[in-house]
>>> print(open('upload.cif').read())   # mmCIF, C-alpha atoms
data_run
#
loop_
_atom_site.group_PDB
_atom_site.id
_atom_site.type_symbol
_atom_site.label_atom_id
_atom_site.label_comp_id
_atom_site.auth_asym_id
_atom_site.auth_seq_id
_atom_site.Cartn_x
_atom_site.Cartn_y
_atom_site.Cartn_z
ATOM 1 C CA MET G 297 -28.486 -89.515 194.222
ATOM 2 C CA LYS G 298 -25.006 -89.172 192.833
ATOM 3 C CA ALA G 299 -23.970 -92.413 194.573
ATOM 4 C CA ALA G 300 -26.874 -94.219 192.996
ATOM 5 C CA ARG G 301 -25.810 -92.989 189.561
ATOM 6 C CA PHE G 302 -22.281 -94.248 190.098
ATOM 7 C CA ILE G 303 -23.569 -97.598 191.299
ATOM 8 C CA TRP G 304 -25.788 -97.985 188.269
ATOM 9 C CA PHE G 305 -22.947 -96.856 186.051
ATOM 10 C CA PHE G 306 -20.682 -99.653 187.281
ATOM 11 C CA ILE G 307 -23.522 -102.135 187.127
ATOM 12 C CA MET G 308 -23.966 -101.294 183.454
ATOM 13 C CA ILE G 309 -20.225 -101.658 182.892
ATOM 14 C CA ALA G 310 -20.356 -105.111 184.451
ATOM 15 C CA ALA G 311 -23.354 -105.998 182.326
ATOM 16 C CA GLY G 312 -21.526 -104.814 179.223
ATOM 17 C CA ILE G 313 -18.497 -106.926 180.114
ATOM 18 C CA ALA G 314 -20.692 -109.978 180.639
ATOM 19 C CA ILE G 315 -22.439 -109.476 177.315
ATOM 20 C CA GLY G 316 -19.110 -108.909 175.562
ATOM 21 C CA LEU G 317 -17.595 -112.070 177.011
ATOM 22 C CA TYR G 318 -20.657 -114.112 176.111
ATOM 23 C CA TYR G 319 -20.466 -112.865 172.564
ATOM 24 C CA THR G 320 -16.717 -113.458 172.127
ATOM 25 C CA TRP G 321 -16.630 -116.833 173.855
ATOM 26 C CA MET G 322 -19.917 -118.402 172.862
ATOM 27 C CA VAL G 323 -21.575 -116.654 169.944
ATOM 28 C CA ASN G 324 -18.613 -115.598 167.814
ATOM 29 C CA PRO G 325 -15.346 -116.961 169.210
ATOM 30 C CA VAL G 326 -12.047 -116.348 167.542
ATOM 31 C CA ASN G 327 -11.597 -118.693 164.595
ATOM 32 C CA TYR G 328 -8.565 -120.424 166.047
ATOM 33 C CA VAL G 329 -7.115 -122.188 163.051
ATOM 34 C CA ASP G 330 -3.479 -122.202 164.055
ATOM 35 C CA ALA G 331 -3.521 -125.062 166.516
ATOM 36 C CA THR G 332 -0.570 -127.431 166.723
ATOM 37 C CA PHE G 333 -0.206 -131.208 166.602
ATOM 38 C CA PHE G 334 -0.263 -131.145 170.400
ATOM 39 C CA ASP G 335 -3.886 -129.991 170.316
ATOM 40 C CA LEU G 336 -5.037 -132.945 168.232
ATOM 41 C CA ARG G 337 -7.550 -135.297 169.787
ATOM 42 C CA GLN G 338 -6.117 -138.538 171.131
ATOM 43 C CA ASP G 339 -7.434 -140.732 168.338
ATOM 44 C CA TYR G 340 -5.944 -138.416 165.717
ATOM 45 C CA LYS G 341 -2.656 -138.534 167.583
ATOM 46 C CA ALA G 342 -2.800 -142.322 167.596
ATOM 47 C CA ASP G 343 -3.355 -142.307 163.828
ATOM 48 C CA TYR G 344 -0.444 -139.873 163.479
ATOM 49 C CA VAL G 345 1.842 -142.245 165.372
ATOM 50 C CA LEU G 346 0.543 -145.137 163.276
ATOM 51 C CA MET G 347 1.574 -143.277 160.124
ATOM 52 C CA VAL G 348 5.022 -142.736 161.626
ATOM 53 C CA ALA G 349 5.179 -146.470 162.377
ATOM 54 C CA GLU G 350 4.179 -147.349 158.815
ATOM 55 C CA ILE G 351 6.858 -145.057 157.422
ATOM 56 C CA TYR G 352 9.448 -146.490 159.786
ATOM 57 C CA ASP G 353 8.506 -150.042 158.765
ATOM 58 C CA ASN G 354 9.225 -149.134 155.150
ATOM 59 C CA GLU G 355 12.209 -146.858 155.741
ATOM 60 C CA PRO G 356 13.772 -147.366 159.182
ATOM 61 C CA VAL G 357 15.543 -144.043 159.659
ATOM 62 C CA LEU G 358 15.461 -143.391 163.379
ATOM 63 C CA LEU G 359 16.424 -139.708 163.312
ATOM 64 C CA GLN G 360 13.566 -138.671 161.037
ATOM 65 C CA THR G 361 11.200 -140.884 163.004
ATOM 66 C CA MET G 362 12.108 -139.134 166.239
ATOM 67 C CA MET G 363 11.663 -135.745 164.566
ATOM 68 C CA ARG G 364 8.163 -136.711 163.427
ATOM 69 C CA LEU G 365 7.261 -137.889 166.920
ATOM 70 C CA ASP G 366 8.691 -134.702 168.430
ATOM 71 C CA ARG G 367 6.096 -132.653 166.531
ATOM 72 C CA LEU G 368 3.407 -134.036 168.812
ATOM 73 C CA MET G 369 5.147 -132.156 171.653
ATOM 74 C CA GLU G 370 4.364 -134.850 174.177
ATOM 75 C CA THR G 371 6.578 -135.368 177.221
ATOM 76 C CA SER G 372 8.813 -137.569 175.092
ATOM 77 C CA PRO G 373 8.579 -139.553 171.841
ATOM 78 C CA GLU G 374 8.357 -142.703 173.955
ATOM 79 C CA THR G 375 5.334 -141.269 175.745
ATOM 80 C CA ALA G 376 3.684 -140.418 172.444
ATOM 81 C CA VAL G 377 4.092 -143.997 171.203
ATOM 82 C CA GLU G 378 2.950 -145.477 174.508
ATOM 83 C CA ASN G 379 -0.190 -143.333 174.455
ATOM 84 C CA ALA G 380 -0.819 -144.383 170.877
ATOM 85 C CA ILE G 381 -0.540 -148.067 171.792
ATOM 86 C CA VAL G 382 -2.981 -147.642 174.670
ATOM 87 C CA ASN G 383 -5.439 -145.768 172.446
ATOM 88 C CA ALA G 384 -4.997 -148.336 169.687
ATOM 89 C CA GLY G 385 -6.137 -151.071 172.026
ATOM 90 C CA GLN G 386 -9.177 -149.061 173.063
ATOM 91 C CA LEU G 387 -10.040 -147.997 169.509
ATOM 92 C CA GLY G 388 -9.831 -151.518 168.104
ATOM 93 C CA TYR G 389 -6.857 -151.165 165.812
ATOM 94 C CA SER G 390 -6.008 -154.201 163.700
ATOM 95 C CA GLN G 391 -3.365 -156.721 164.762
ATOM 96 C CA HIS G 392 -1.004 -155.574 162.051
ATOM 97 C CA ASP G 393 -1.272 -151.917 163.040
ATOM 98 C CA VAL G 394 -0.683 -152.691 166.709
ATOM 99 C CA GLU G 395 2.375 -154.719 165.768
ATOM 100 C CA LEU G 396 3.691 -151.761 163.806
ATOM 101 C CA LEU G 397 3.237 -149.565 166.869
ATOM 102 C CA TYR G 398 5.079 -152.044 169.074
ATOM 103 C CA GLN G 399 7.833 -152.270 166.482
ATOM 104 C CA LEU G 400 8.159 -148.500 166.601
ATOM 105 C CA ASN G 401 8.124 -148.622 170.393
ATOM 106 C CA ASP G 402 11.005 -151.101 170.377
ATOM 107 C CA ALA G 403 12.928 -149.042 167.841
ATOM 108 C CA ILE G 404 12.845 -145.845 169.895
ATOM 109 C CA GLY G 405 13.598 -147.642 173.135
ATOM 110 C CA GLY G 406 10.180 -147.560 174.718
ATOM 111 C CA ASN G 407 9.326 -149.562 177.809
ATOM 112 C CA LEU G 408 6.143 -151.306 176.762
ATOM 113 C CA ILE G 409 6.080 -155.071 176.232
ATOM 114 C CA ASP G 410 3.858 -156.529 173.548
ATOM 115 C CA GLN G 411 1.062 -158.380 175.314
ATOM 116 C CA GLY G 412 -1.395 -158.890 172.516
ATOM 117 C CA LEU G 413 -4.604 -157.015 171.886
ATOM 118 C CA ASP G 414 -6.398 -157.540 175.181
ATOM 119 C CA SER G 415 -6.930 -153.986 176.365
ATOM 120 C CA ASN G 416 -8.188 -155.206 179.746
ATOM 121 C CA GLN G 417 -4.761 -156.428 180.740
ATOM 122 C CA PRO G 418 -2.540 -153.847 182.358
ATOM 123 C CA LEU G 419 0.481 -152.969 180.280
ATOM 124 C CA LYS G 420 3.726 -154.207 181.792
ATOM 125 C CA PHE G 421 6.477 -151.742 182.379
ATOM 126 C CA ASN G 422 10.011 -152.943 181.857
ATOM 127 C CA PRO G 423 12.149 -150.718 184.083
ATOM 128 C CA PRO G 424 15.772 -150.310 183.096
ATOM 129 C CA ASN G 425 18.231 -152.501 185.030
ATOM 130 C CA LEU G 426 20.184 -150.137 187.233
ATOM 131 C CA GLU G 427 22.156 -152.776 189.193
ATOM 132 C CA SER G 428 24.531 -153.942 186.520
ATOM 133 C CA THR G 429 27.373 -151.537 185.949
ATOM 134 C CA SER G 430 29.522 -153.635 183.660
ATOM 135 C CA LEU G 431 29.695 -152.648 180.066
ATOM 136 C CA PRO G 432 27.933 -154.970 177.666
ATOM 137 C CA VAL G 433 30.204 -157.115 175.527
ATOM 138 C CA LEU G 434 29.260 -156.199 172.028
ATOM 139 C CA TRP G 435 31.948 -158.052 170.071
ATOM 140 C CA THR G 436 34.622 -160.595 170.821
ATOM 141 C CA PRO G 437 37.323 -160.762 168.169
ATOM 142 C CA THR G 438 38.453 -164.170 166.985
ATOM 143 C CA PRO G 439 42.173 -164.990 166.860
ATOM 144 C CA GLU G 440 42.067 -164.691 163.072
ATOM 145 C CA GLU G 441 40.607 -161.225 163.333
ATOM 146 C CA ILE G 442 43.378 -160.227 165.683
ATOM 147 C CA ASN G 443 46.101 -161.653 163.451
ATOM 148 C CA PRO G 444 45.019 -162.099 159.843
ATOM 149 C CA PHE G 445 48.239 -164.014 159.092
ATOM 150 C CA LEU G 446 47.660 -166.600 161.817
ATOM 151 C CA ASN G 447 46.884 -169.650 159.707
ATOM 152 C CA GLN G 448 48.145 -168.538 156.370
ATOM 153 C CA GLY G 449 51.799 -169.533 156.702
ATOM 154 C CA VAL G 450 52.794 -165.907 156.315
ATOM 155 C CA GLN G 451 54.844 -164.266 158.954
ATOM 156 C CA PRO G 452 54.715 -160.528 159.334
ATOM 157 C CA VAL G 453 57.882 -158.857 158.178
ATOM 158 C CA ALA G 454 59.693 -156.932 160.853
ATOM 159 C CA PRO G 455 60.571 -153.351 160.011
ATOM 160 C CA PRO G 456 64.177 -152.907 158.855
ATOM 161 C CA VAL G 457 66.712 -151.941 161.494
ATOM 162 C CA ALA G 458 68.617 -148.783 160.814
ATOM 163 C CA ASP G 459 72.122 -149.521 159.420
ATOM 164 C CA PRO G 460 74.573 -148.041 161.900
ATOM 165 C CA THR G 461 77.123 -147.675 159.148
ATOM 166 C CA ILE G 462 74.993 -145.111 157.347
ATOM 167 C CA ASP G 463 75.741 -141.534 158.276
ATOM 168 C CA ASN G 464 73.811 -140.622 161.356
ATOM 169 C CA PRO G 465 73.738 -136.894 161.968
ATOM 170 C CA PHE G 466 73.302 -137.499 165.680
ATOM 171 C CA VAL G 467 76.459 -139.520 166.054
ATOM 172 C CA ASP G 468 79.933 -138.126 166.087
ATOM 173 C CA GLY G 469 81.402 -138.321 162.667
ATOM 174 C CA GLY G 470 77.958 -138.102 161.043
ATOM 175 C CA GLY G 471 77.056 -136.075 158.052
ATOM 176 C CA ASN G 472 76.749 -132.877 159.994
ATOM 177 C CA GLY G 473 80.126 -133.213 161.387
ATOM 178 C CA MET Y 191 -41.959 -74.958 192.248
ATOM 179 C CA VAL Y 192 -38.828 -76.507 191.087
ATOM 180 C CA GLU Y 193 -39.348 -79.255 188.641
ATOM 181 C CA ASN Y 194 -37.240 -82.300 189.091
ATOM 182 C CA GLN Y 195 -35.029 -82.402 186.121
ATOM 183 C CA LYS Y 196 -35.211 -85.712 184.412
ATOM 184 C CA LYS Y 197 -31.770 -87.076 184.419
ATOM 185 C CA SER Y 198 -30.688 -88.465 181.084
ATOM 186 C CA PRO Y 199 -29.993 -92.187 181.038
ATOM 187 C CA LEU Y 200 -27.030 -91.475 178.847
ATOM 188 C CA TYR Y 201 -24.642 -92.519 181.593
ATOM 189 C CA LEU Y 202 -26.215 -95.995 181.614
ATOM 190 C CA ILE Y 203 -25.680 -96.412 177.908
ATOM 191 C CA THR Y 204 -22.149 -95.135 178.266
ATOM 192 C CA GLY Y 205 -21.443 -97.704 180.956
ATOM 193 C CA LEU Y 206 -22.923 -100.478 178.853
ATOM 194 C CA VAL Y 207 -20.837 -99.560 175.808
ATOM 195 C CA LEU Y 208 -17.718 -99.268 177.903
ATOM 196 C CA GLY Y 209 -18.363 -102.712 179.374
ATOM 197 C CA LEU Y 210 -18.949 -104.188 175.940
ATOM 198 C CA ILE Y 211 -15.648 -102.808 174.685
ATOM 199 C CA LEU Y 212 -13.792 -104.178 177.673
ATOM 200 C CA GLY Y 213 -15.468 -107.579 177.395
ATOM 201 C CA ILE Y 214 -14.844 -107.910 173.681
ATOM 202 C CA PHE Y 215 -11.234 -106.822 174.048
ATOM 203 C CA TYR Y 216 -10.658 -109.381 176.775
ATOM 204 C CA GLY Y 217 -12.497 -112.195 174.976
ATOM 205 C CA TRP Y 218 -10.855 -111.709 171.599
ATOM 206 C CA VAL Y 219 -7.395 -110.378 172.432
ATOM 207 C CA ILE Y 220 -6.286 -111.140 175.968
ATOM 208 C CA ASN Y 221 -7.941 -114.500 176.568
ATOM 209 C CA PRO Y 222 -9.472 -115.829 173.367
ATOM 210 C CA THR Y 223 -11.090 -119.210 173.077
ATOM 211 C CA ARG Y 224 -8.561 -122.008 172.676
ATOM 212 C CA TYR Y 225 -9.622 -125.209 171.047
ATOM 213 C CA VAL Y 226 -8.443 -128.531 172.358
ATOM 214 C CA ASP Y 227 -9.027 -132.019 170.990
ATOM 215 C CA ILE Y 228 -9.103 -130.672 167.480
ATOM 216 C CA SER Y 229 -9.151 -132.411 164.147
ATOM 217 C CA PRO Y 230 -6.445 -131.936 161.499
ATOM 218 C CA GLN Y 231 -8.724 -129.405 159.784
ATOM 219 C CA SER Y 232 -7.836 -126.852 162.453
ATOM 220 C CA LEU Y 233 -4.086 -127.202 162.099
ATOM 221 C CA LEU Y 234 -1.855 -124.322 161.134
ATOM 222 C CA ASN Y 235 -1.173 -124.152 157.374
ATOM 223 C CA GLU Y 236 2.471 -125.108 157.832
ATOM 224 C CA GLN Y 237 1.469 -128.106 159.885
ATOM 225 C CA LYS Y 238 -1.131 -129.109 157.343
ATOM 226 C CA LYS Y 239 1.731 -129.391 154.870
ATOM 227 C CA GLN Y 240 3.615 -131.599 157.314
ATOM 228 C CA TYR Y 241 0.486 -133.669 157.815
ATOM 229 C CA MET Y 242 -0.003 -134.104 154.094
ATOM 230 C CA LEU Y 243 3.643 -135.079 153.707
ATOM 231 C CA LEU Y 244 3.181 -137.654 156.439
ATOM 232 C CA ILE Y 245 0.141 -139.111 154.693
ATOM 233 C CA SER Y 246 2.056 -139.216 151.409
ATOM 234 C CA GLN Y 247 4.971 -141.044 152.995
ATOM 235 C CA SER Y 248 2.684 -143.509 154.759
ATOM 236 C CA TYR Y 249 0.930 -144.149 151.436
ATOM 237 C CA GLN Y 250 4.293 -144.839 149.884
ATOM 238 C CA ALA Y 251 4.870 -147.376 152.686
ATOM 239 C CA ASN Y 252 1.513 -149.151 152.819
ATOM 240 C CA GLU Y 253 0.141 -148.377 149.302
ATOM 241 C CA ASP Y 254 -3.352 -148.232 150.799
ATOM 242 C CA ILE Y 255 -5.081 -145.463 148.873
ATOM 243 C CA GLY Y 256 -8.376 -145.939 150.699
ATOM 244 C CA ARG Y 257 -6.832 -145.381 154.090
ATOM 245 C CA SER Y 258 -4.823 -142.421 152.793
ATOM 246 C CA TYR Y 259 -7.986 -140.926 151.306
ATOM 247 C CA ALA Y 260 -9.693 -141.215 154.693
ATOM 248 C CA ARG Y 261 -6.752 -139.477 156.333
ATOM 249 C CA ILE Y 262 -6.766 -136.634 153.828
ATOM 250 C CA LYS Y 263 -10.492 -136.297 154.409
ATOM 251 C CA GLN Y 264 -9.799 -135.608 158.082
ATOM 252 C CA MET Y 265 -7.724 -132.617 157.015
ATOM 253 C CA MET Y 266 -9.991 -131.452 154.204
ATOM 254 C CA ASP Y 267 -13.620 -132.370 153.825
ATOM 255 C CA PRO Y 268 -14.645 -132.525 151.038
ATOM 256 C CA VAL Y 269 -11.319 -133.385 149.435
ATOM 257 C CA ASP Y 270 -10.488 -130.611 146.978
ATOM 258 C CA MET Y 271 -7.880 -131.742 144.471
ATOM 259 C CA ASP Y 272 -7.274 -128.194 143.248
ATOM 260 C CA GLN Y 273 -6.456 -127.079 146.762
ATOM 261 C CA LEU Y 274 -4.161 -130.070 147.225
ATOM 262 C CA ARG Y 275 -2.331 -129.304 143.999
ATOM 263 C CA THR Y 276 -1.969 -125.668 145.039
ATOM 264 C CA MET Y 277 -0.509 -126.841 148.314
ATOM 265 C CA LEU Y 278 1.793 -129.172 146.401
ATOM 266 C CA LEU Y 279 3.074 -126.338 144.207
ATOM 267 C CA ALA Y 280 3.746 -124.213 147.276
ATOM 268 C CA MET Y 281 5.653 -127.080 148.857
ATOM 269 C CA GLU Y 282 7.709 -127.560 145.693
ATOM 270 C CA MET Y 283 9.116 -124.049 146.174
ATOM 271 C CA ASP Y 284 9.831 -124.693 149.835
ATOM 272 C CA ASN Y 285 13.297 -126.021 150.611
ATOM 273 C CA ASP Y 286 11.938 -128.063 153.514
ATOM 274 C CA TYR Y 287 9.728 -130.149 151.231
ATOM 275 C CA ARG Y 288 11.523 -130.152 147.925
ATOM 276 C CA ASP Y 289 13.221 -133.487 148.580
ATOM 277 C CA GLN Y 290 9.879 -135.180 149.124
ATOM 278 C CA PHE Y 291 8.098 -133.574 146.207
ATOM 279 C CA GLU Y 292 8.053 -136.780 144.153
ATOM 280 C CA VAL Y 293 6.423 -138.710 146.986
ATOM 281 C CA MET Y 294 3.684 -136.130 147.404
ATOM 282 C CA ARG Y 295 3.101 -135.766 143.696
ATOM 283 C CA ASN Y 296 2.702 -139.510 143.252
ATOM 284 C CA PHE Y 297 0.274 -139.635 146.130
ATOM 285 C CA ILE Y 298 -1.851 -136.780 144.806
ATOM 286 C CA ASN Y 299 -1.928 -138.317 141.332
ATOM 287 C CA ASP Y 300 -3.002 -141.687 142.732
ATOM 288 C CA LEU Y 301 -5.542 -139.976 144.965
ATOM 289 C CA ASP Y 302 -6.987 -138.130 141.991
ATOM 290 C CA GLY Y 303 -7.291 -141.370 140.069
ATOM 291 C CA TYR Y 304 -8.939 -143.051 143.044
ATOM 292 C CA ILE Y 305 -11.533 -140.303 143.432
ATOM 293 C CA GLN Y 306 -12.228 -140.243 139.687
ATOM 294 C CA ALA Y 307 -12.695 -144.000 139.663
ATOM 295 C CA MET Y 308 -15.139 -143.770 142.511
ATOM 296 C CA ARG Y 309 -17.133 -141.055 140.780
ATOM 297 C CA ILE Y 310 -17.271 -143.022 137.542
ATOM 298 C CA SER Y 311 -18.431 -146.131 139.298
ATOM 299 C CA GLY Y 312 -20.950 -144.094 141.242
ATOM 300 C CA GLN Y 313 -19.714 -145.455 144.542
ATOM 301 C CA THR Y 314 -18.693 -143.640 147.657
ATOM 302 C CA PRO Y 315 -14.963 -144.018 148.346
ATOM 303 C CA ASN Y 316 -14.299 -147.269 150.161
ATOM 304 C CA ILE Y 317 -12.749 -146.625 153.540
ATOM 305 C CA PRO Y 318 -11.081 -149.780 154.891
ATOM 306 C CA MET Y 319 -12.374 -150.793 158.287
ATOM 307 C CA THR Y 320 -9.236 -152.567 159.469
ATOM 308 C CA THR Y 321 -8.455 -149.599 161.686
ATOM 309 C CA PRO Y 322 -11.098 -147.130 162.844
ATOM 310 C CA ILE Y 323 -10.670 -143.661 161.446
ATOM 311 C CA PRO Y 324 -11.303 -140.956 164.049
ATOM 312 C CA ALA Y 325 -14.783 -139.437 163.793
ATOM 313 C CA GLU Y 326 -14.983 -135.759 163.097
ATOM 314 C CA THR Y 327 -16.501 -133.610 165.813
ATOM 315 C CA ALA Y 328 -16.900 -129.907 166.265
ATOM 316 C CA PRO Y 329 -14.069 -128.323 168.204
ATOM 317 C CA SER Y 330 -14.848 -127.613 171.835
ATOM 318 C CA PRO Y 331 -14.504 -124.088 173.147
#
>>> encode(input="upload.cif", output="structure tokens")
Amino acid sequence: MKAARFIWFFIMIAAGIAIGLYYTWMVNPVNYVDATFFDLRQDYKADYVLMVAEIYDNEPVLLQTMMRLDRLMETSPETAVENAIVNAGQLGYSQHDVELLYQLNDAIGGNLIDQGLDSNQPLKFNPPNLESTSLPVLWTPTPEEINPFLNQGVQPVAPPVADPTIDNPFVDGGGNG
Amino acid sequence: MVENQKKSPLYLITGLVLGLILGIFYGWVINPTRYVDISPQSLLNEQKKQYMLLISQSYQANEDIGRSYARIKQMMDPVDMDQLRTMLLAMEMDNDYRDQFEVMRNFINDLDGYIQAMRISGQTPNIPMTTPIPAETAPSP
């Protein structure tokens, strides 16, 4: 009889746990109001990125733009923008808004290529070119930029040569004796 | 004759209460419900400020009060101007938002005028349909 009492005791504990979990998870869950931007639904995230794109279009400051995208806590800001572009196509965003998103994508160095609004087409991925190792030529100076006096009839003045007759402390007979 | 003593069911009630305590402690403290796919209404207060700042800055960029109103409505439905102004005052005292105070103040003033105009005209605020605004749904457990 004692064993039966223990068995029923643990059965009632289990029943109490089940009732407690049902109450705390289903009937009266914790009012979780401190969620982050990461927990936002995908369409809200897409709208968030669209706002970032609108701000960037008006005030193209890349650092602040990256900080805003970082708040979404996606894998990377590029991933956040790519997801937003995909969702924008599915949600029927306007042409102008999609262009803003692609502009933002280009600004942060994303890999998506603008292909229009057809969401049925697969998005192309532009992988970085890993074969070329030469540095890009950013600027080639003109001869005038190298020598501003090239075509102006002005010759640069050579620095004066030290007069050997002036006392030279490092020569015998100089000022220091 | 020895009468069978009726055993009190107190041990059953004790077990049930003990189980309830354990279940509630686990469900509320150790592993509470976590919402995913939330709306901006469920954001932390600090992040609501960041969200409102973002809406203000986007309004400054696109000057589309209807769209900005729809975005604010995602964070606060119905839109309470007193609560927004209280939030604005709190952000004015915060060093992180002081630089952008003018932007937010202009947005809230324009938003107030927009809502007042809609009330006077008896119309519901016009939400532009150029871009779909996310529908509000209850958070999932």
>>> resolve_selection(input="upload.cif", expression="the PyMOL selection byres ((chain Y and resi 266) around 12)", output="list in words")
Ser229, Pro230, Gln231, Ser232, Leu233, Asn235, Lys238, Lys239, Tyr241, Met242, Tyr259, Ala260, Arg261, Ile262, Lys263, Gln264, Met265, Asp267, Pro268, Val269, Asp270, Met271, Asp272, Gln273, Leu274 and Glu326 of chain Y
>>> residues_around(input="upload.cif", residues="stretch 286-303 of chain Y", least_positions_apart="6", cutoff="9 Å", atoms="all atoms listed in the file", output="NGL selection string")
:Y and (239-240 or 242-243 or 245-247 or 249-250 or 255-256 or 258-259 or 271 or 274-275 or 278)
>>> resolve_selection(input="upload.cif", expression="the PyMOL selection byres ((chain G) within 8 of (chain Y))", output="ChimeraX atom specification")
/G:304-317,319-322,325-326,328-333,335-340,343,347-348,350-351,353-355,387-390,393
>>> write_last_selection(input="upload.cif", atoms="C-alpha atoms", output="PDB file, in the frame of the given file")
ATOM      1  CA  TRP G 304     -25.788 -97.985 188.269  1.00  0.00           C
ATOM      2  CA  PHE G 305     -22.947 -96.856 186.051  1.00  0.00           C
ATOM      3  CA  PHE G 306     -20.682 -99.653 187.281  1.00  0.00           C
ATOM      4  CA  ILE G 307     -23.522-102.135 187.127  1.00  0.00           C
ATOM      5  CA  MET G 308     -23.966-101.294 183.454  1.00  0.00           C
ATOM      6  CA  ILE G 309     -20.225-101.658 182.892  1.00  0.00           C
ATOM      7  CA  ALA G 310     -20.356-105.111 184.451  1.00  0.00           C
ATOM      8  CA  ALA G 311     -23.354-105.998 182.326  1.00  0.00           C
ATOM      9  CA  GLY G 312     -21.526-104.814 179.223  1.00  0.00           C
ATOM     10  CA  ILE G 313     -18.497-106.926 180.114  1.00  0.00           C
ATOM     11  CA  ALA G 314     -20.692-109.978 180.639  1.00  0.00           C
ATOM     12  CA  ILE G 315     -22.439-109.476 177.315  1.00  0.00           C
ATOM     13  CA  GLY G 316     -19.110-108.909 175.562  1.00  0.00           C
ATOM     14  CA  LEU G 317     -17.595-112.070 177.011  1.00  0.00           C
ATOM     15  CA  TYR G 319     -20.466-112.865 172.564  1.00  0.00           C
ATOM     16  CA  THR G 320     -16.717-113.458 172.127  1.00  0.00           C
ATOM     17  CA  TRP G 321     -16.630-116.833 173.855  1.00  0.00           C
ATOM     18  CA  MET G 322     -19.917-118.402 172.862  1.00  0.00           C
ATOM     19  CA  PRO G 325     -15.346-116.961 169.210  1.00  0.00           C
ATOM     20  CA  VAL G 326     -12.047-116.348 167.542  1.00  0.00           C
ATOM     21  CA  TYR G 328      -8.565-120.424 166.047  1.00  0.00           C
ATOM     22  CA  VAL G 329      -7.115-122.188 163.051  1.00  0.00           C
ATOM     23  CA  ASP G 330      -3.479-122.202 164.055  1.00  0.00           C
ATOM     24  CA  ALA G 331      -3.521-125.062 166.516  1.00  0.00           C
ATOM     25  CA  THR G 332      -0.570-127.431 166.723  1.00  0.00           C
ATOM     26  CA  PHE G 333      -0.206-131.208 166.602  1.00  0.00           C
ATOM     27  CA  ASP G 335      -3.886-129.991 170.316  1.00  0.00           C
ATOM     28  CA  LEU G 336      -5.037-132.945 168.232  1.00  0.00           C
ATOM     29  CA  ARG G 337      -7.550-135.297 169.787  1.00  0.00           C
ATOM     30  CA  GLN G 338      -6.117-138.538 171.131  1.00  0.00           C
ATOM     31  CA  ASP G 339      -7.434-140.732 168.338  1.00  0.00           C
ATOM     32  CA  TYR G 340      -5.944-138.416 165.717  1.00  0.00           C
ATOM     33  CA  ASP G 343      -3.355-142.307 163.828  1.00  0.00           C
ATOM     34  CA  MET G 347       1.574-143.277 160.124  1.00  0.00           C
ATOM     35  CA  VAL G 348       5.022-142.736 161.626  1.00  0.00           C
ATOM     36  CA  GLU G 350       4.179-147.349 158.815  1.00  0.00           C
ATOM     37  CA  ILE G 351       6.858-145.057 157.422  1.00  0.00           C
ATOM     38  CA  ASP G 353       8.506-150.042 158.765  1.00  0.00           C
ATOM     39  CA  ASN G 354       9.225-149.134 155.150  1.00  0.00           C
ATOM     40  CA  GLU G 355      12.209-146.858 155.741  1.00  0.00           C
ATOM     41  CA  LEU G 387     -10.040-147.997 169.509  1.00  0.00           C
ATOM     42  CA  GLY G 388      -9.831-151.518 168.104  1.00  0.00           C
ATOM     43  CA  TYR G 389      -6.857-151.165 165.812  1.00  0.00           C
ATOM     44  CA  SER G 390      -6.008-154.201 163.700  1.00  0.00           C
ATOM     45  CA  ASP G 393      -1.272-151.917 163.040  1.00  0.00           C
TER      46      ASP G 393
END
>>> closest_residue(input="upload.cif", among="G:Tyr352, G:Val345, G:Arg301, G:Gly405", to="G:Glu374", atoms="all atoms listed in the file")
G:Gly405
>>> atom_distance(input="upload.cif", atom1="atom CA of G:Tyr344", atom2="atom CA of G:His392")
15.8 Å
>>> atom_distance(input="upload.cif", atom1="atom CA of Y:Gln306", atom2="atom CA of Y:Leu279")
21.2 Å
>>> atom_distance(input="upload.cif", atom1="atom CA of G:Leu397", atom2="atom CA of G:Ile381")
6.4 Å
>>> resolve_selection(input="upload.cif", expression="the PyMOL selection byres ((chain G and resi 403) around 10)", output="VMD selection string")
chain G and resid 349 352 356 to 358 361 374 397 to 402 404 to 406
